[in-house]
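Note: the block below is entry-v2.txt and it holds compact mmCIF, C-alpha atoms.
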```txt
# COMPACT_ATOMS: atom_id res chain seq x y z
CA MET A 1 -19.67 21.74 -25.08
CA SER A 2 -22.14 21.24 -27.96
CA ASP A 3 -23.77 18.36 -26.07
CA ASN A 4 -24.31 20.65 -23.07
CA LYS A 5 -25.91 23.28 -25.29
CA SER A 6 -28.15 20.65 -26.87
CA ARG A 7 -29.30 19.38 -23.49
CA SER A 8 -29.90 22.92 -22.27
CA LYS A 9 -31.95 23.77 -25.36
CA LYS A 10 -33.97 20.59 -24.95
CA LYS A 11 -34.60 21.38 -21.29
CA ASP A 12 -35.72 24.92 -22.12
CA ARG A 13 -38.16 23.60 -24.72
CA ARG A 14 -39.51 21.01 -22.31
CA GLN A 15 -40.08 23.63 -19.62
CA ARG A 16 -41.75 26.04 -22.07
CA TRP A 17 -43.99 23.27 -23.39
CA ALA A 18 -45.00 22.21 -19.88
CA ALA A 19 -45.78 25.79 -18.89
CA ILE A 20 -47.89 26.48 -21.98
CA ILE A 21 -49.85 23.25 -21.73
CA ALA A 22 -50.49 23.84 -18.03
CA ALA A 23 -51.88 27.28 -18.88
CA ILE A 24 -54.16 26.37 -21.74
CA LEU A 25 -55.54 23.24 -20.13
CA ALA A 26 -56.16 24.85 -16.75
CA VAL A 27 -59.75 25.65 -17.63
CA ALA A 28 -60.43 22.24 -19.15
CA MET A 29 -59.76 19.95 -16.21
CA ALA A 30 -59.94 19.83 -12.44
CA LEU A 31 -56.56 19.73 -10.78
CA SER A 32 -56.00 16.61 -8.70
CA ALA A 33 -53.48 16.43 -5.87
CA ILE A 34 -51.11 14.60 -8.18
CA ALA A 35 -51.48 17.25 -10.90
CA ALA A 36 -50.77 19.95 -8.33
CA TYR A 37 -47.62 18.13 -7.31
CA ALA A 38 -46.56 17.86 -10.94
CA GLY A 39 -46.89 21.63 -11.17
CA HIS A 40 -44.77 21.96 -8.05
CA LEU A 41 -42.04 19.90 -9.70
CA LEU A 42 -42.18 21.92 -12.90
CA ASN A 43 -41.77 25.12 -10.88
CA ARG A 44 -38.69 23.95 -8.99
CA GLY A 45 -35.82 26.34 -9.44
CA GLN A 46 -38.08 29.16 -10.61
CA GLY A 47 -37.40 31.27 -7.53
CA SER A 48 -40.72 30.61 -5.78
CA THR A 49 -41.24 28.71 -2.57
CA ALA A 50 -44.51 27.07 -1.67
CA PRO A 51 -46.02 27.88 1.73
CA PRO A 52 -45.36 25.23 4.41
CA GLU A 53 -48.81 23.68 4.12
CA LYS A 54 -48.23 23.11 0.37
CA GLN A 55 -44.68 21.84 0.48
CA PHE A 56 -44.16 18.21 -0.45
CA ASP A 57 -41.94 15.41 0.73
CA MET A 58 -40.09 14.09 -2.32
CA GLU A 59 -39.54 10.62 -0.92
CA GLU A 60 -43.17 10.35 0.10
CA TYR A 61 -44.36 11.06 -3.42
CA ARG A 62 -41.72 8.84 -5.00
CA SER A 63 -42.98 6.01 -2.81
CA TYR A 64 -46.60 6.84 -3.60
CA CYS A 65 -46.06 6.93 -7.37
CA SER A 66 -43.99 3.74 -7.32
CA GLY A 67 -46.77 2.02 -5.41
CA GLU A 68 -49.37 3.23 -7.90
CA VAL A 69 -47.27 1.99 -10.82
CA GLU A 70 -46.95 -1.44 -9.24
CA ARG A 71 -50.67 -1.61 -8.46
CA LEU A 72 -51.75 -0.50 -11.94
CA GLU A 73 -49.27 -2.75 -13.74
CA GLN A 74 -50.62 -5.68 -11.72
CA TYR A 75 -54.19 -4.74 -12.64
CA ILE A 76 -53.30 -4.74 -16.34
CA ALA A 77 -51.55 -8.11 -16.01
CA GLU A 78 -54.65 -9.61 -14.39
CA TYR A 79 -57.52 -7.92 -16.21
CA GLY A 80 -56.07 -6.37 -19.33
CA ALA A 81 -55.57 -2.75 -20.34
CA ALA A 82 -58.29 -0.16 -19.83
CA ALA A 83 -58.07 3.49 -20.86
CA GLY A 84 -58.50 4.88 -17.36
CA VAL A 85 -55.88 2.55 -15.93
CA LEU A 86 -53.39 3.33 -18.70
CA SER A 87 -53.98 7.04 -18.27
CA GLU A 88 -53.27 6.89 -14.53
CA LEU A 89 -50.25 4.69 -15.15
CA CYS A 90 -48.81 7.22 -17.62
CA LYS A 91 -49.40 10.06 -15.14
CA ASN A 92 -47.48 8.23 -12.45
CA TYR A 93 -44.60 7.38 -14.77
CA ARG A 94 -44.38 11.05 -15.80
CA LEU A 95 -44.23 12.06 -12.17
CA LEU A 96 -41.57 9.48 -11.39
CA ILE A 97 -39.45 10.83 -14.25
CA GLN A 98 -39.86 14.39 -12.96
CA ILE A 99 -39.08 13.32 -9.41
CA GLU A 100 -35.91 11.52 -10.47
CA LYS A 101 -34.73 14.43 -12.61
CA ALA A 102 -35.46 16.91 -9.84
CA GLY A 103 -33.06 15.18 -7.45
CA ASP A 104 -29.46 16.18 -6.85
CA GLU A 105 -28.21 12.89 -8.34
CA VAL A 106 -30.05 11.51 -11.35
CA ASP A 107 -30.21 7.74 -11.82
CA ASP A 108 -30.04 7.65 -15.62
CA GLU A 109 -30.83 3.95 -15.88
CA LYS A 110 -33.93 4.31 -13.75
CA VAL A 111 -35.09 7.29 -15.80
CA LYS A 112 -34.55 5.36 -19.05
CA GLY A 113 -36.62 2.50 -17.69
CA TYR A 114 -39.45 4.84 -16.74
CA GLU A 115 -39.29 6.54 -20.14
CA ALA A 116 -39.43 3.23 -22.00
CA ALA A 117 -42.45 2.13 -19.97
CA LEU A 118 -44.15 5.51 -20.45
CA LYS A 119 -43.64 5.35 -24.22
CA GLN A 120 -45.11 1.86 -24.45
CA HIS A 121 -48.13 2.65 -22.30
CA SER A 122 -48.69 5.95 -24.14
CA ARG A 123 -48.78 4.07 -27.44
CA ASP A 124 -51.16 1.53 -25.94
CA LEU A 125 -53.44 4.36 -24.82
CA VAL A 126 -53.51 5.88 -28.31
CA GLU A 127 -54.31 2.49 -29.81
CA LEU A 128 -57.06 1.89 -27.28
CA GLU A 129 -58.65 5.35 -27.69
CA PRO A 130 -57.44 6.69 -31.05
CA ASP A 131 -60.14 9.37 -31.15
CA HIS A 132 -58.90 11.23 -28.04
CA PRO A 133 -56.73 14.20 -29.12
CA GLU A 134 -55.06 14.60 -25.71
CA HIS A 135 -53.57 11.09 -25.91
CA ARG A 136 -51.87 11.85 -29.23
CA LEU A 137 -50.76 15.25 -27.98
CA GLN A 138 -49.07 13.68 -24.95
CA LEU A 139 -47.45 11.08 -27.18
CA LEU A 140 -46.08 13.82 -29.43
CA TYR A 141 -44.55 15.60 -26.45
CA LEU A 142 -43.02 12.34 -25.27
CA TYR A 143 -41.61 11.54 -28.71
CA SER A 144 -39.97 14.95 -28.88
CA ASP A 145 -38.62 14.72 -25.35
CA LEU A 146 -37.09 11.29 -26.02
CA GLY A 147 -35.63 12.27 -29.39
CA GLU A 148 -37.83 9.91 -31.38
CA ASP A 149 -37.29 9.65 -35.14
CA ASP A 150 -38.83 12.55 -37.08
CA ARG A 151 -40.97 10.24 -39.20
CA PHE A 152 -42.87 9.04 -36.13
CA ILE A 153 -43.40 12.64 -35.03
CA ASP A 154 -44.59 13.63 -38.51
CA GLU A 155 -47.03 10.70 -38.58
CA GLU A 156 -48.49 11.66 -35.22
CA ILE A 157 -48.80 15.33 -36.20
CA GLY A 158 -50.70 14.30 -39.33
CA ALA A 159 -52.94 11.91 -37.39
CA LEU A 160 -53.70 14.56 -34.77
CA GLN A 161 -54.48 17.21 -37.39
CA GLU A 162 -56.92 14.85 -39.08
CA LEU A 163 -58.53 13.99 -35.74
CA LEU A 164 -58.89 17.64 -34.72
CA ARG A 165 -60.82 18.39 -37.90
CA GLU A 166 -63.36 15.84 -36.69
CA LYS A 167 -63.30 16.40 -32.92
CA ASN A 168 -62.97 20.22 -32.81
CA ASP A 169 -60.99 20.33 -29.57
CA PRO A 170 -59.59 23.90 -29.41
CA TYR A 171 -57.35 23.26 -26.41
CA ALA A 172 -55.71 20.27 -28.05
CA ALA A 173 -55.37 22.35 -31.23
CA LEU A 174 -53.55 25.06 -29.26
CA GLY A 175 -51.32 22.40 -27.77
CA LEU A 176 -50.51 21.10 -31.25
CA ILE A 177 -49.63 24.59 -32.50
CA GLU A 178 -47.27 25.11 -29.58
CA PHE A 179 -45.72 21.69 -30.13
CA MET A 180 -45.17 22.50 -33.78
CA LYS A 181 -43.46 25.75 -32.82
CA VAL A 182 -41.11 24.33 -30.19
CA SER A 183 -40.26 21.32 -32.36
CA GLU A 184 -39.46 23.70 -35.23
CA GLN A 185 -41.93 22.37 -37.78
CA PRO A 186 -42.09 24.20 -41.16
CA PRO A 187 -43.51 27.74 -40.72
CA GLU A 188 -46.10 27.16 -43.44
CA SER A 189 -47.44 24.13 -41.55
CA ILE A 190 -47.74 26.15 -38.35
CA ALA A 191 -49.43 29.01 -40.23
CA GLY A 192 -51.90 26.59 -41.76
CA GLU A 193 -52.85 25.12 -38.40
CA THR A 194 -53.19 28.58 -36.86
CA ALA A 195 -55.37 29.82 -39.72
CA TRP A 196 -57.64 26.77 -39.43
CA LEU A 197 -58.13 27.29 -35.70
CA LYS A 198 -58.89 30.99 -36.13
CA GLU A 199 -61.49 30.17 -38.77
CA TYR A 200 -63.03 27.63 -36.40
CA PHE A 201 -63.39 30.26 -33.65
CA GLU A 202 -64.80 32.81 -36.10
CA GLU A 203 -67.45 30.33 -37.21
CA LEU A 204 -68.40 29.69 -33.58
CA SER A 205 -68.61 33.42 -32.96
CA ASP A 206 -70.77 34.03 -36.03
CA SER A 207 -73.20 31.33 -34.91
CA ALA A 208 -73.28 32.65 -31.31
CA ASN A 209 -71.87 29.34 -30.05
CA LEU A 210 -68.67 30.71 -28.57
CA THR A 211 -68.60 29.68 -24.90
CA ASN A 212 -66.40 31.32 -22.28
CA PRO A 213 -63.82 28.50 -22.36
CA ASP A 214 -63.81 28.90 -26.15
CA ARG A 215 -63.30 32.66 -25.77
CA TYR A 216 -60.33 32.10 -23.50
CA ALA A 217 -58.79 29.68 -25.98
CA TYR A 218 -59.50 32.15 -28.80
CA ALA A 219 -57.83 34.93 -26.80
CA PHE A 220 -54.79 32.72 -26.30
CA LEU A 221 -54.58 32.04 -30.03
CA LEU A 222 -54.87 35.75 -30.83
CA GLY A 223 -52.43 36.87 -28.17
CA GLU A 224 -49.74 34.22 -28.51
CA TYR A 225 -49.71 33.17 -32.15
CA LEU A 226 -51.35 35.90 -34.22
CA GLU A 227 -50.01 38.98 -32.39
CA GLU A 228 -53.52 40.45 -32.26
CA VAL A 229 -53.36 41.55 -28.64
CA PRO A 230 -56.24 44.12 -28.72
CA ALA A 231 -58.56 41.45 -30.14
CA ALA A 232 -57.35 39.00 -27.49
CA LEU A 233 -58.10 41.53 -24.76
CA ASP A 234 -61.60 42.01 -26.16
CA GLN A 235 -62.28 38.29 -25.83
CA LEU A 236 -60.90 38.21 -22.30
CA ALA A 237 -63.06 41.18 -21.32
CA LEU A 238 -66.15 39.30 -22.46
CA VAL A 239 -65.12 36.32 -20.33
CA LEU A 240 -64.59 38.50 -17.26
CA GLU A 241 -67.93 40.26 -17.76
CA SER A 242 -69.95 37.06 -17.64
CA GLU A 243 -67.91 34.70 -15.46
CA ALA A 244 -68.11 34.55 -11.66
CA PRO A 245 -64.93 35.94 -10.01
CA GLU A 246 -64.49 32.84 -7.84
CA LYS A 247 -64.39 30.54 -10.87
CA GLU A 248 -61.06 29.19 -12.13
CA LEU A 249 -61.79 30.39 -15.65
CA TYR A 250 -62.26 33.97 -14.42
CA GLN A 251 -59.01 33.89 -12.47
CA THR A 252 -57.10 32.34 -15.38
CA ALA A 253 -58.51 34.89 -17.84
CA GLU A 254 -57.74 37.76 -15.49
CA LYS A 255 -54.16 36.61 -15.07
CA TYR A 256 -53.70 36.34 -18.83
CA GLN A 257 -55.33 39.74 -19.34
CA LYS A 258 -52.80 41.35 -16.99
CA ALA A 259 -49.93 39.59 -18.77
CA LEU A 260 -51.08 40.90 -22.16
CA GLN A 261 -51.61 44.40 -20.81
CA GLN A 262 -48.12 44.40 -19.36
CA ARG A 263 -46.74 43.20 -22.67
CA GLU A 264 -48.49 46.05 -24.49
CA LYS A 265 -47.23 48.57 -21.95
CA GLU A 266 -43.63 47.40 -22.39
CA LYS A 267 -43.93 47.67 -26.17
CA LYS A 268 -44.91 51.33 -25.88
CA GLU A 269 -42.10 52.25 -23.49
```
Spell out the structure here as structure tokens.
Amino acid sequence: MSDNKSRSKKKDRRQRWAAIIAAILAVAMALSAIAAYAGHLLNRGQGSTAPPEKQFDMEEYRSYCSGEVERLEQYIAEYGAAAGVLSELCKNYRLLIQIEKAGDEVDDEKVKGYEAALKQHSRDLVELEPDHPEHRLQLLYLYSDLGEDDRFIDEEIGALQELLREKNDPYAALGLIEFMKVSEQPPESIAGETAWLKEYFEELSDSANLTNPDRYAYAFLLGEYLEEVPAALDQLALVLESEAPEKELYQTAEKYQKALQQREKEKKE
């Protein structure tokens, strides 16, 4: 019974992490067809059905991802590892894991093989490009998901914190804060990271260098981690005033604005 509860808790954390990361990175990258399919997998069982033109054939994508893995592995064997190749390889392994777990019958051995390969290639990617925060963030998520030893997780958290002080990547910093929360890191460590990121945004604002993507990230920090919803809504309003309605950032900010407004309404009722 305790094992079932542990697996359920782990699954809930994984789903929450995936949802948060998808939200905060939405304005930082263009969604490829593969990324869209990953989102489809993450939303399975959430009570929503995609329209016919956006529904996917599971076997078709399993075959596609398996083919990509084989092709990319062969490339590495022949020409050596390259960051772009490793990144695509990791994406396809993640999708294969999601595809296998989404099925009615899970092949545990196959999943373990995919996870082992994903861990190795993720480490290789960090070693190849150690100054890319997103690589370390993805490795942290993977370590947590696979139940890696706490000392490895602590080392990666420390390495990512040090890197973020140099790279100033607010979206990766938000991802780290969320990771620290769901992995139950010490509250004082989380508070320290949150305070540093808020100070970073305040400095940008004081110097008039706060861009709209920065404002959205700042709003997310204020609304989700500092419980300063009015201030978050102010930042979102500034984004919506200056961003074109057809832009993804506008739509993302508007959606988050409505969510915060609904939250405030429920608190008053």
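For the pair atom CA of Gln185 of chain A and atom CA of Asp154 of chain A, the interatomic distance is 9.2 Å.
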Legend entry - For Pro133 of chain A, the nearest of the candidates A:Thr252, A:Gln120, A:Gln262, A:Asn168, counting all atoms listed in the file: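 Between A:Thr252, A:Gln120, A:Gln262, A:Asn168, the residue approaching Pro133 of chain A most closely is A:Asn168.
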Inset, instruction - Kindly provide, as an NGL selection string, the polymer residues lying within 12 Å of (-54.8, 13.8, -23.9), counting only C-alpha atoms and using the coordinates exactly as they appear in the file. - result: :A and (21 or 25 or 28-29 or 83-84 or 86-88 or 90-91 or 122-123 or 125-126 or 129-142 or 160 or 169 or 171-173 or 175-176)
Inset, instruction - Skip Lys265 of chain A itself and residues of its chain fewer than 6 positions away, then list as an MDAnalysis selection string all residues within 12 Å of it, counting all atoms listed in the file. - result: chainID A and resid 229 258:259
Inset, instruction - Kindly indicate which residue among A:Lys255, A:Lys112, A:His121, A:Arg165 lies nearest to Leu146 of chain A, using all atoms listed in the file for the distances. - result: A:Lys112
Inset, instruction - Go through A:Glu224, A:Glu254, A:Asp234, A:Glu148 and flag the residue nearest Ile177 of chain A, using only C-alpha atoms for the distances. - result: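 Using only C-alpha atoms, the shortest distance to Ile177 of chain A belongs to A:Glu224.
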Inset, instruction - Give as a PyMOL selection string the set of residues within 9 Å of the point (-60.6, 27.1, -27.1), where distances use the file's coordinates and all atoms listed in the file. - result: chain A and resi 24+169-174+197+201+210-221
Legend entry - Nearest-residue call for Asp104 of chain A, choices A:Ala253, A:Glu70, A:Met58, A:Glu193, using only C-alpha atoms: A:Met58
Distance query Cys65 of chain A at most 8 Å, all atoms listed in the file, self and fewer than 2 positions along chain excluded, as a compact mmCIF listing (two decimals) with C-alpha atoms, in the coordinates of the input:
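See result_36.txt below for the written result:
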```txt
# COMPACT_ATOMS: atom_id res chain seq x y z
CA TYR A 61 -44.36 11.06 -3.42
CA ARG A 62 -41.72 8.84 -5.00
CA SER A 63 -42.98 6.01 -2.81
CA GLY A 67 -46.77 2.02 -5.41
CA GLU A 68 -49.37 3.23 -7.90
CA VAL A 69 -47.27 1.99 -10.82
CA ASN A 92 -47.48 8.23 -12.45
CA TYR A 93 -44.60 7.38 -14.77
CA LEU A 95 -44.23 12.06 -12.17
CA LEU A 96 -41.57 9.48 -11.39
```
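For the atom pair formed by atom CA of Glu127 of chain A and atom CA of Glu156 of chain A, the distance is 12.1 Å, given to one decimal.
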Inset, instruction - Please indicate the distance in Å from atom CA of Phe179 of chain A to atom CA of Asp150 of chain A, rounded to one decimal place. - result: 13.4 Å
Inset, instruction - Would you mind telling me which residue in A:Lys167, A:Arg71, A:Lys119, A:Arg263 lies nearest to Glu227 of chain A when using only C-alpha atoms? - result: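 For Glu227 of chain A, the nearest of the given residues is A:Arg263.
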Could you give me the axis-aligned bounding box of segment 110-115 of chain A, with 8 Å of padding per side, as centre plus edge lengths in Å to one decimal, as AutoDock Vina command-line options?
```
--center_x -36.7 --center_y 4.9 --center_z -16.9 --size_x 21.5 --size_y 20.8 --size_z 22.4
```
Inset, instruction - Rank A:Leu240, A:Val85, A:Ala102, A:Leu233 by their smallest atom-to-atom distance to Glu59 of chain A, using only C-alpha atoms, and report the top residue only. - result: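 Under the stated criterion, the closest residue is A:Ala102.
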